[in-house]
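K.L.:
What follows is the file structure.cif, containing mmCIF, C-alpha atoms:
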```
data_structure
#
loop_
_atom_site.label_atom_id
_atom_site.label_comp_id
_atom_site.auth_asym_id
_atom_site.auth_seq_id
_atom_site.Cartn_x
_atom_site.Cartn_y
_atom_site.Cartn_z
CA MET A 151 21.10 -9.11 -67.70
CA ARG A 152 18.91 -12.07 -68.63
CA ILE A 153 15.33 -12.42 -69.77
CA GLY A 154 13.10 -15.38 -68.91
CA TYR A 155 9.75 -16.50 -70.29
CA GLY A 156 7.20 -18.72 -68.58
CA TYR A 157 3.90 -20.23 -69.67
CA ASP A 158 1.46 -22.45 -67.82
CA THR A 159 -2.06 -23.78 -68.16
CA HIS A 160 -4.47 -25.55 -65.82
CA ARG A 161 -7.92 -27.03 -66.38
CA PHE A 162 -10.92 -25.87 -64.43
CA ALA A 163 -12.14 -28.32 -61.78
CA ASP A 164 -15.18 -28.45 -59.54
CA GLY A 165 -14.70 -28.38 -55.79
CA ARG A 166 -11.52 -26.31 -55.79
CA LEU A 167 -10.75 -22.68 -55.00
CA LEU A 168 -9.65 -20.39 -57.82
CA ILE A 169 -6.28 -18.98 -56.79
CA LEU A 170 -4.59 -16.53 -59.17
CA GLY A 171 -1.59 -14.38 -58.35
CA GLY A 172 -1.64 -15.57 -54.76
CA ILE A 173 -5.20 -14.42 -54.04
CA GLU A 174 -8.52 -16.24 -53.96
CA ILE A 175 -10.92 -15.21 -56.73
CA PRO A 176 -14.63 -15.93 -56.21
CA HIS A 177 -15.75 -18.37 -58.93
CA GLU A 178 -17.80 -21.56 -59.17
CA ARG A 179 -14.71 -23.60 -60.13
CA GLY A 180 -11.06 -23.62 -59.31
CA LEU A 181 -8.11 -25.06 -61.19
CA SER A 182 -6.94 -28.64 -61.21
CA GLY A 183 -3.38 -29.35 -60.16
CA HIS A 184 -1.06 -31.09 -57.72
CA SER A 185 -0.53 -27.79 -55.87
CA ASP A 186 -3.10 -25.01 -55.48
CA ALA A 187 -2.78 -24.70 -59.30
CA ASP A 188 -2.02 -20.97 -59.33
CA VAL A 189 -1.30 -20.79 -63.04
CA LEU A 190 -0.01 -17.21 -62.83
CA LEU A 191 2.57 -17.87 -60.13
CA HIS A 192 3.66 -21.04 -61.93
CA ALA A 193 4.33 -19.08 -65.14
CA ILE A 194 6.32 -16.52 -63.14
CA CYS A 195 8.36 -19.29 -61.49
CA ASP A 196 9.20 -20.72 -64.91
CA ALA A 197 10.20 -17.28 -66.23
CA LEU A 198 12.53 -16.71 -63.29
CA LEU A 199 14.04 -20.19 -63.44
CA GLY A 200 14.50 -19.93 -67.19
CA ALA A 201 16.25 -16.58 -66.96
CA ALA A 202 18.73 -18.04 -64.49
CA ALA A 203 19.11 -21.24 -66.60
CA LEU A 204 17.90 -23.33 -63.65
CA GLY A 205 15.38 -25.51 -65.47
CA ASP A 206 11.65 -25.35 -64.83
CA ILE A 207 9.14 -25.57 -62.02
CA GLY A 208 8.64 -29.31 -62.54
CA ARG A 209 12.34 -29.94 -61.98
CA HIS A 210 12.40 -28.15 -58.65
CA PHE A 211 8.88 -28.90 -57.38
CA PRO A 212 7.79 -32.15 -59.12
CA ASP A 213 4.16 -33.23 -59.04
CA THR A 214 5.43 -36.73 -58.27
CA ASP A 215 6.61 -35.52 -54.85
CA PRO A 216 3.81 -35.89 -52.29
CA SER A 217 5.26 -33.05 -50.21
CA TYR A 218 4.04 -30.59 -52.86
CA GLU A 219 0.48 -31.88 -52.92
CA GLY A 220 -1.82 -28.92 -52.25
CA VAL A 221 1.14 -26.60 -51.64
CA ASP A 222 0.48 -22.88 -51.70
CA SER A 223 2.15 -21.54 -54.86
CA THR A 224 3.24 -18.41 -53.00
CA GLU A 225 5.69 -20.72 -51.23
CA LEU A 226 6.92 -22.03 -54.59
CA LEU A 227 7.44 -18.48 -55.86
CA GLN A 228 9.42 -17.47 -52.78
CA ARG A 229 11.54 -20.62 -53.01
CA THR A 230 12.12 -19.91 -56.71
CA ALA A 231 13.28 -16.37 -55.91
CA LYS A 232 15.76 -17.80 -53.38
CA LEU A 233 17.11 -20.21 -56.02
CA VAL A 234 17.59 -17.31 -58.44
CA ASN A 235 19.32 -15.23 -55.76
CA LYS A 236 21.53 -18.16 -54.74
CA ALA A 237 22.58 -18.52 -58.40
CA GLY A 238 23.94 -14.96 -58.24
CA PHE A 239 21.06 -12.94 -59.67
CA GLN A 240 18.61 -10.34 -58.49
CA ILE A 241 15.13 -9.97 -59.92
CA CYS A 242 14.58 -6.69 -61.76
CA ASN A 243 10.99 -6.97 -62.93
CA VAL A 244 8.10 -9.30 -63.81
CA ASP A 245 5.41 -8.79 -66.45
CA ALA A 246 2.58 -11.33 -66.58
CA THR A 247 -0.70 -11.90 -68.39
CA ILE A 248 -3.59 -14.17 -67.39
CA VAL A 249 -5.79 -15.46 -70.21
CA LEU A 250 -9.33 -16.48 -69.22
CA GLU A 251 -12.90 -15.79 -70.25
CA ARG A 252 -14.47 -15.74 -66.80
CA PRO A 253 -14.38 -14.51 -64.18
CA ARG A 254 -13.47 -11.01 -65.27
CA LEU A 255 -10.62 -9.91 -63.07
CA GLY A 256 -10.96 -6.12 -63.30
CA LYS A 257 -9.20 -4.49 -60.40
CA ARG A 258 -8.16 -7.84 -58.89
CA THR A 259 -5.02 -7.61 -61.02
CA THR A 260 -3.94 -4.69 -58.83
CA GLU A 261 -4.17 -6.97 -55.77
CA MET A 262 -2.24 -9.69 -57.58
CA LYS A 263 0.46 -7.21 -58.56
CA ALA A 264 0.88 -6.08 -54.94
CA ARG A 265 0.92 -9.67 -53.67
CA ILE A 266 3.56 -10.76 -56.19
CA ALA A 267 5.71 -7.67 -55.53
CA GLY A 268 5.58 -8.45 -51.82
CA LEU A 269 6.48 -12.11 -52.33
CA LEU A 270 9.45 -11.17 -54.50
CA ASP A 271 10.48 -8.19 -52.34
CA LEU A 272 10.15 -5.83 -55.32
CA GLU A 273 8.81 -2.31 -55.59
CA GLY A 274 5.26 -2.28 -56.95
CA ASP A 275 6.28 -0.58 -60.17
CA ARG A 276 8.51 -3.56 -61.01
CA VAL A 277 5.56 -5.96 -61.33
CA SER A 278 2.83 -5.88 -63.95
CA VAL A 279 -0.22 -8.16 -64.05
CA LYS A 280 -2.72 -7.99 -66.88
CA ALA A 281 -5.76 -10.06 -67.84
CA THR A 282 -7.28 -10.74 -71.23
CA THR A 283 -9.68 -13.16 -72.89
CA SER A 284 -9.14 -15.36 -75.91
CA GLU A 285 -12.26 -13.96 -77.59
CA GLY A 286 -14.04 -17.31 -77.26
CA MET A 287 -11.34 -19.26 -79.10
CA GLY A 288 -9.59 -22.47 -77.98
CA PHE A 289 -9.65 -24.19 -74.60
CA VAL A 290 -9.66 -20.86 -72.77
CA GLY A 291 -12.53 -19.57 -74.91
CA ARG A 292 -14.53 -22.72 -74.17
CA GLU A 293 -13.86 -22.05 -70.45
CA GLU A 294 -12.05 -25.33 -70.01
CA GLY A 295 -9.07 -23.71 -68.31
CA VAL A 296 -6.79 -20.75 -67.78
CA ALA A 297 -3.41 -19.86 -69.29
CA ALA A 298 -0.73 -17.48 -68.07
CA HIS A 299 2.35 -15.95 -69.68
CA ALA A 300 5.19 -14.24 -67.82
CA VAL A 301 8.46 -12.57 -68.66
CA CYS A 302 11.10 -11.34 -66.26
CA LEU A 303 14.41 -9.59 -66.24
CA ILE A 304 17.16 -10.58 -63.83
CA GLN A 305 20.67 -9.25 -63.48
CA GLU A 306 23.85 -10.71 -62.18
CA VAL A 307 24.90 -9.46 -58.78
CA PRO A 308 28.53 -8.29 -59.06
CA GLY A 309 30.93 -10.25 -56.87
CA GLN A 310 28.41 -12.95 -56.00
CA ASP A 311 29.27 -16.48 -57.07
CA GLY A 312 26.48 -18.31 -58.85
#
```
Could you write out this structure as structure tokens?

P.N.:
Amino acid sequence: MRIGYGYDTHRFADGRLLILGGIEIPHERGLSGHSDADVLLHAICDALLGAAALGDIGRHFPDTDPSYEGVDSTELLQRTAKLVNKAGFQICNVDATIVLERPRLGKRTTEMKARIAGLLDLEGDRVSVKATTSEGMGFVGREEGVAAHAVCLIQEVPGQDG
């Protein structure tokens, strides 16, 4: 078994949709990024890639590649899962936390959890999504951006070459 950790941040930007965990969240600003800037899915991608020792999201989906401009991060997550599977691993679980002051996510984390479980072909009880604030401290507290942390567990698939 292997554990992976992922972390990502994106700045808020006017004129963009706020996409978190593969769903649109009503808010006056979205996040800046080469893709749709889904900070949560990016952190999960990095956790999965790290667990499988496959590098990071920037290695596989570089922001210098125009083909990834505006890409839906759900596609990046599904492609990441395929890379992990091809390397000889199966995903066991994902635990993720979004850090932002506003908007309050409340029950939206339940939707995110279901969306991520579906994208990774996992049972719902194998995905956890939580949200917290930074109590007004730092760039998140000043509402300049959003951060996300993710951990995952993967296990080697017996008899499958990585």

K.L.:
So which residues get picked by the PyMOL selection byres ((chain A and resi 265) around 10) here, written as a PDB file with C-alpha atoms, in the frame of the given file?

P.N.:
```
ATOM      1  CA  GLY A 171      -1.590 -14.380 -58.350  1.00  0.00           C
ATOM      2  CA  GLY A 172      -1.640 -15.570 -54.760  1.00  0.00           C
ATOM      3  CA  ILE A 173      -5.200 -14.420 -54.040  1.00  0.00           C
ATOM      4  CA  THR A 224       3.240 -18.410 -53.000  1.00  0.00           C
ATOM      5  CA  THR A 259      -5.020  -7.610 -61.020  1.00  0.00           C
ATOM      6  CA  THR A 260      -3.940  -4.690 -58.830  1.00  0.00           C
ATOM      7  CA  GLU A 261      -4.170  -6.970 -55.770  1.00  0.00           C
ATOM      8  CA  MET A 262      -2.240  -9.690 -57.580  1.00  0.00           C
ATOM      9  CA  LYS A 263       0.460  -7.210 -58.560  1.00  0.00           C
ATOM     10  CA  ALA A 264       0.880  -6.080 -54.940  1.00  0.00           C
ATOM     11  CA  ILE A 266       3.560 -10.760 -56.190  1.00  0.00           C
ATOM     12  CA  ALA A 267       5.710  -7.670 -55.530  1.00  0.00           C
ATOM     13  CA  GLY A 268       5.580  -8.450 -51.820  1.00  0.00           C
ATOM     14  CA  LEU A 269       6.480 -12.110 -52.330  1.00  0.00           C
ATOM     15  CA  LEU A 270       9.450 -11.170 -54.500  1.00  0.00           C
ATOM     16  CA  ASP A 271      10.480  -8.190 -52.340  1.00  0.00           C
ATOM     17  CA  GLY A 274       5.260  -2.280 -56.950  1.00  0.00           C
ATOM     18  CA  VAL A 277       5.560  -5.960 -61.330  1.00  0.00           C
TER      19      VAL A 277
END
```

K.L.:
Kindly indicate which residue among A:Val221, A:Val301, A:Ala202, A:Ile175 lies nearest to A:Arg254, using all atoms listed in the file for the distances.

P.N.:
A:Ile175

K.L.:
Which residue, A:Leu255, A:Ala187, A:Val249, A:Ala193, has the smallest gap to A:Asp158 when you use all atoms listed in the file?

P.N.:
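Closest residue, counting all atoms listed in the file: A:Ala193.
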
K.L.:
Which residues fall under the PyMOL selection byres ((chain A and resi 293-297) around 9) in this file, as a tab-separated table (two decimals) with C-alpha atoms, in the frame of the given file?

P.N.:
```tsv
chain	number	residue	atom	x	y	z
A	157	TYR	CA	3.90	-20.23	-69.67
A	158	ASP	CA	1.46	-22.45	-67.82
A	159	THR	CA	-2.06	-23.78	-68.16
A	160	HIS	CA	-4.47	-25.55	-65.82
A	161	ARG	CA	-7.92	-27.03	-66.38
A	162	PHE	CA	-10.92	-25.87	-64.43
A	163	ALA	CA	-12.14	-28.32	-61.78
A	181	LEU	CA	-8.11	-25.06	-61.19
A	182	SER	CA	-6.94	-28.64	-61.21
A	189	VAL	CA	-1.30	-20.79	-63.04
A	190	LEU	CA	-0.01	-17.21	-62.83
A	193	ALA	CA	4.33	-19.08	-65.14
A	247	THR	CA	-0.70	-11.90	-68.39
A	248	ILE	CA	-3.59	-14.17	-67.39
A	249	VAL	CA	-5.79	-15.46	-70.21
A	250	LEU	CA	-9.33	-16.48	-69.22
A	251	GLU	CA	-12.90	-15.79	-70.25
A	252	ARG	CA	-14.47	-15.74	-66.80
A	286	GLY	CA	-14.04	-17.31	-77.26
A	288	GLY	CA	-9.59	-22.47	-77.98
A	289	PHE	CA	-9.65	-24.19	-74.60
A	290	VAL	CA	-9.66	-20.86	-72.77
A	291	GLY	CA	-12.53	-19.57	-74.91
A	292	ARG	CA	-14.53	-22.72	-74.17
A	298	ALA	CA	-0.73	-17.48	-68.07
A	299	HIS	CA	2.35	-15.95	-69.68
```

K.L.:
Find the distance between atom CA of A:Gly154 and atom CA of A:Pro253 and write it in Å to one decimal.

P.N.:
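Separation of atom CA of A:Gly154 and atom CA of A:Pro253: 27.9 Å.
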
K.L.:
Using the chain letters and numbers from the file, give me the residues hit by the PyMOL selection byres ((chain A and resi 244) around 10), as a PyMOL selection string.

P.N.:
chain A and resi 153-155+194+197-198+241-243+245-246+263+266-267+270+272+275-279+300-304

K.L.:
If I take atom CA of A:Asp186 and atom CA of A:Ile207, how far is one from the other in Å, to one decimal?

P.N.:
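These atoms are spaced 13.9 Å apart.
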
K.L.:
Can you work out the spacing between atom CA of A:Leu167 and atom CA of A:Pro212 in Å, to one decimal?

P.N.:
21.2 Å

K.L.:
Only C-alpha atoms, please: stretch 180-244 of chain A from the block, as a PDB file, in the first residue's frame.

P.N.:
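As written to disk, selection_26.pdb reads:
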```pdb
ATOM      1  CA  GLY A 180     -13.951  31.981  -9.857  1.00  0.00           C
ATOM      2  CA  LEU A 181     -10.366  30.786  -9.704  1.00  0.00           C
ATOM      3  CA  SER A 182      -7.538  31.760 -12.006  1.00  0.00           C
ATOM      4  CA  GLY A 183      -5.721  29.003 -13.835  1.00  0.00           C
ATOM      5  CA  HIS A 184      -4.757  27.492 -17.173  1.00  0.00           C
ATOM      6  CA  SER A 185      -7.506  24.871 -16.786  1.00  0.00           C
ATOM      7  CA  ASP A 186     -10.846  25.385 -15.028  1.00  0.00           C
ATOM      8  CA  ALA A 187      -8.685  25.827 -11.874  1.00  0.00           C
ATOM      9  CA  ASP A 188     -10.499  23.217  -9.777  1.00  0.00           C
ATOM     10  CA  VAL A 189      -8.094  23.389  -6.858  1.00  0.00           C
ATOM     11  CA  LEU A 190      -9.663  20.380  -5.130  1.00  0.00           C
ATOM     12  CA  LEU A 191      -9.350  18.011  -8.076  1.00  0.00           C
ATOM     13  CA  HIS A 192      -5.798  19.238  -8.705  1.00  0.00           C
ATOM     14  CA  ALA A 193      -4.795  18.378  -5.126  1.00  0.00           C
ATOM     15  CA  ILE A 194      -6.367  14.930  -5.521  1.00  0.00           C
ATOM     16  CA  CYS A 195      -4.492  14.381  -8.799  1.00  0.00           C
ATOM     17  CA  ASP A 196      -1.208  15.245  -7.079  1.00  0.00           C
ATOM     18  CA  ALA A 197      -1.983  12.898  -4.173  1.00  0.00           C
ATOM     19  CA  LEU A 198      -2.700  10.020  -6.548  1.00  0.00           C
ATOM     20  CA  LEU A 199       0.331  10.686  -8.732  1.00  0.00           C
ATOM     21  CA  GLY A 200       2.559  11.036  -5.691  1.00  0.00           C
ATOM     22  CA  ALA A 201       1.386   7.773  -4.183  1.00  0.00           C
ATOM     23  CA  ALA A 202       2.250   5.963  -7.406  1.00  0.00           C
ATOM     24  CA  ALA A 203       5.591   7.859  -7.696  1.00  0.00           C
ATOM     25  CA  LEU A 204       4.506   9.285 -11.050  1.00  0.00           C
ATOM     26  CA  GLY A 205       5.453  12.915 -10.492  1.00  0.00           C
ATOM     27  CA  ASP A 206       2.910  15.715 -10.281  1.00  0.00           C
ATOM     28  CA  ILE A 207       0.044  17.228 -12.210  1.00  0.00           C
ATOM     29  CA  GLY A 208       2.324  19.762 -13.927  1.00  0.00           C
ATOM     30  CA  ARG A 209       4.448  16.965 -15.357  1.00  0.00           C
ATOM     31  CA  HIS A 210       1.502  15.188 -16.938  1.00  0.00           C
ATOM     32  CA  PHE A 211      -0.722  18.160 -17.806  1.00  0.00           C
ATOM     33  CA  PRO A 212       1.620  21.181 -18.161  1.00  0.00           C
ATOM     34  CA  ASP A 213       0.196  24.693 -18.261  1.00  0.00           C
ATOM     35  CA  THR A 214       2.587  25.366 -21.146  1.00  0.00           C
ATOM     36  CA  ASP A 215       0.575  22.969 -23.332  1.00  0.00           C
ATOM     37  CA  PRO A 216      -2.219  24.860 -25.110  1.00  0.00           C
ATOM     38  CA  SER A 217      -4.314  21.683 -25.318  1.00  0.00           C
ATOM     39  CA  TYR A 218      -4.969  21.964 -21.571  1.00  0.00           C
ATOM     40  CA  GLU A 219      -6.149  25.567 -21.687  1.00  0.00           C
ATOM     41  CA  GLY A 220      -9.596  25.697 -20.094  1.00  0.00           C
ATOM     42  CA  VAL A 221      -9.700  21.907 -19.696  1.00  0.00           C
ATOM     43  CA  ASP A 222     -12.283  20.463 -17.344  1.00  0.00           C
ATOM     44  CA  SER A 223     -10.365  19.116 -14.334  1.00  0.00           C
ATOM     45  CA  THR A 224     -12.703  16.120 -14.142  1.00  0.00           C
ATOM     46  CA  GLU A 225     -10.948  14.964 -17.312  1.00  0.00           C
ATOM     47  CA  LEU A 226      -7.557  15.440 -15.633  1.00  0.00           C
ATOM     48  CA  LEU A 227      -8.689  13.405 -12.621  1.00  0.00           C
ATOM     49  CA  GLN A 228      -9.949  10.552 -14.785  1.00  0.00           C
ATOM     50  CA  ARG A 229      -6.727  10.558 -16.811  1.00  0.00           C
ATOM     51  CA  THR A 230      -4.731  10.559 -13.565  1.00  0.00           C
ATOM     52  CA  ALA A 231      -6.679   7.533 -12.305  1.00  0.00           C
ATOM     53  CA  LYS A 232      -5.860   5.710 -15.556  1.00  0.00           C
ATOM     54  CA  LEU A 233      -2.157   6.504 -15.113  1.00  0.00           C
ATOM     55  CA  VAL A 234      -2.264   5.121 -11.569  1.00  0.00           C
ATOM     56  CA  ASN A 235      -4.078   1.980 -12.751  1.00  0.00           C
ATOM     57  CA  LYS A 236      -1.655   1.517 -15.651  1.00  0.00           C
ATOM     58  CA  ALA A 237       1.229   1.702 -13.148  1.00  0.00           C
ATOM     59  CA  GLY A 238      -0.253  -1.344 -11.400  1.00  0.00           C
ATOM     60  CA  PHE A 239      -2.271   0.242  -8.598  1.00  0.00           C
ATOM     61  CA  GLN A 240      -5.879   0.571  -7.587  1.00  0.00           C
ATOM     62  CA  ILE A 241      -7.235   3.530  -5.665  1.00  0.00           C
ATOM     63  CA  CYS A 242      -8.480   2.642  -2.185  1.00  0.00           C
ATOM     64  CA  ASN A 243      -9.651   5.970  -0.829  1.00  0.00           C
ATOM     65  CA  VAL A 244      -9.354   9.768  -1.027  1.00  0.00           C
TER      66      VAL A 244
END
```
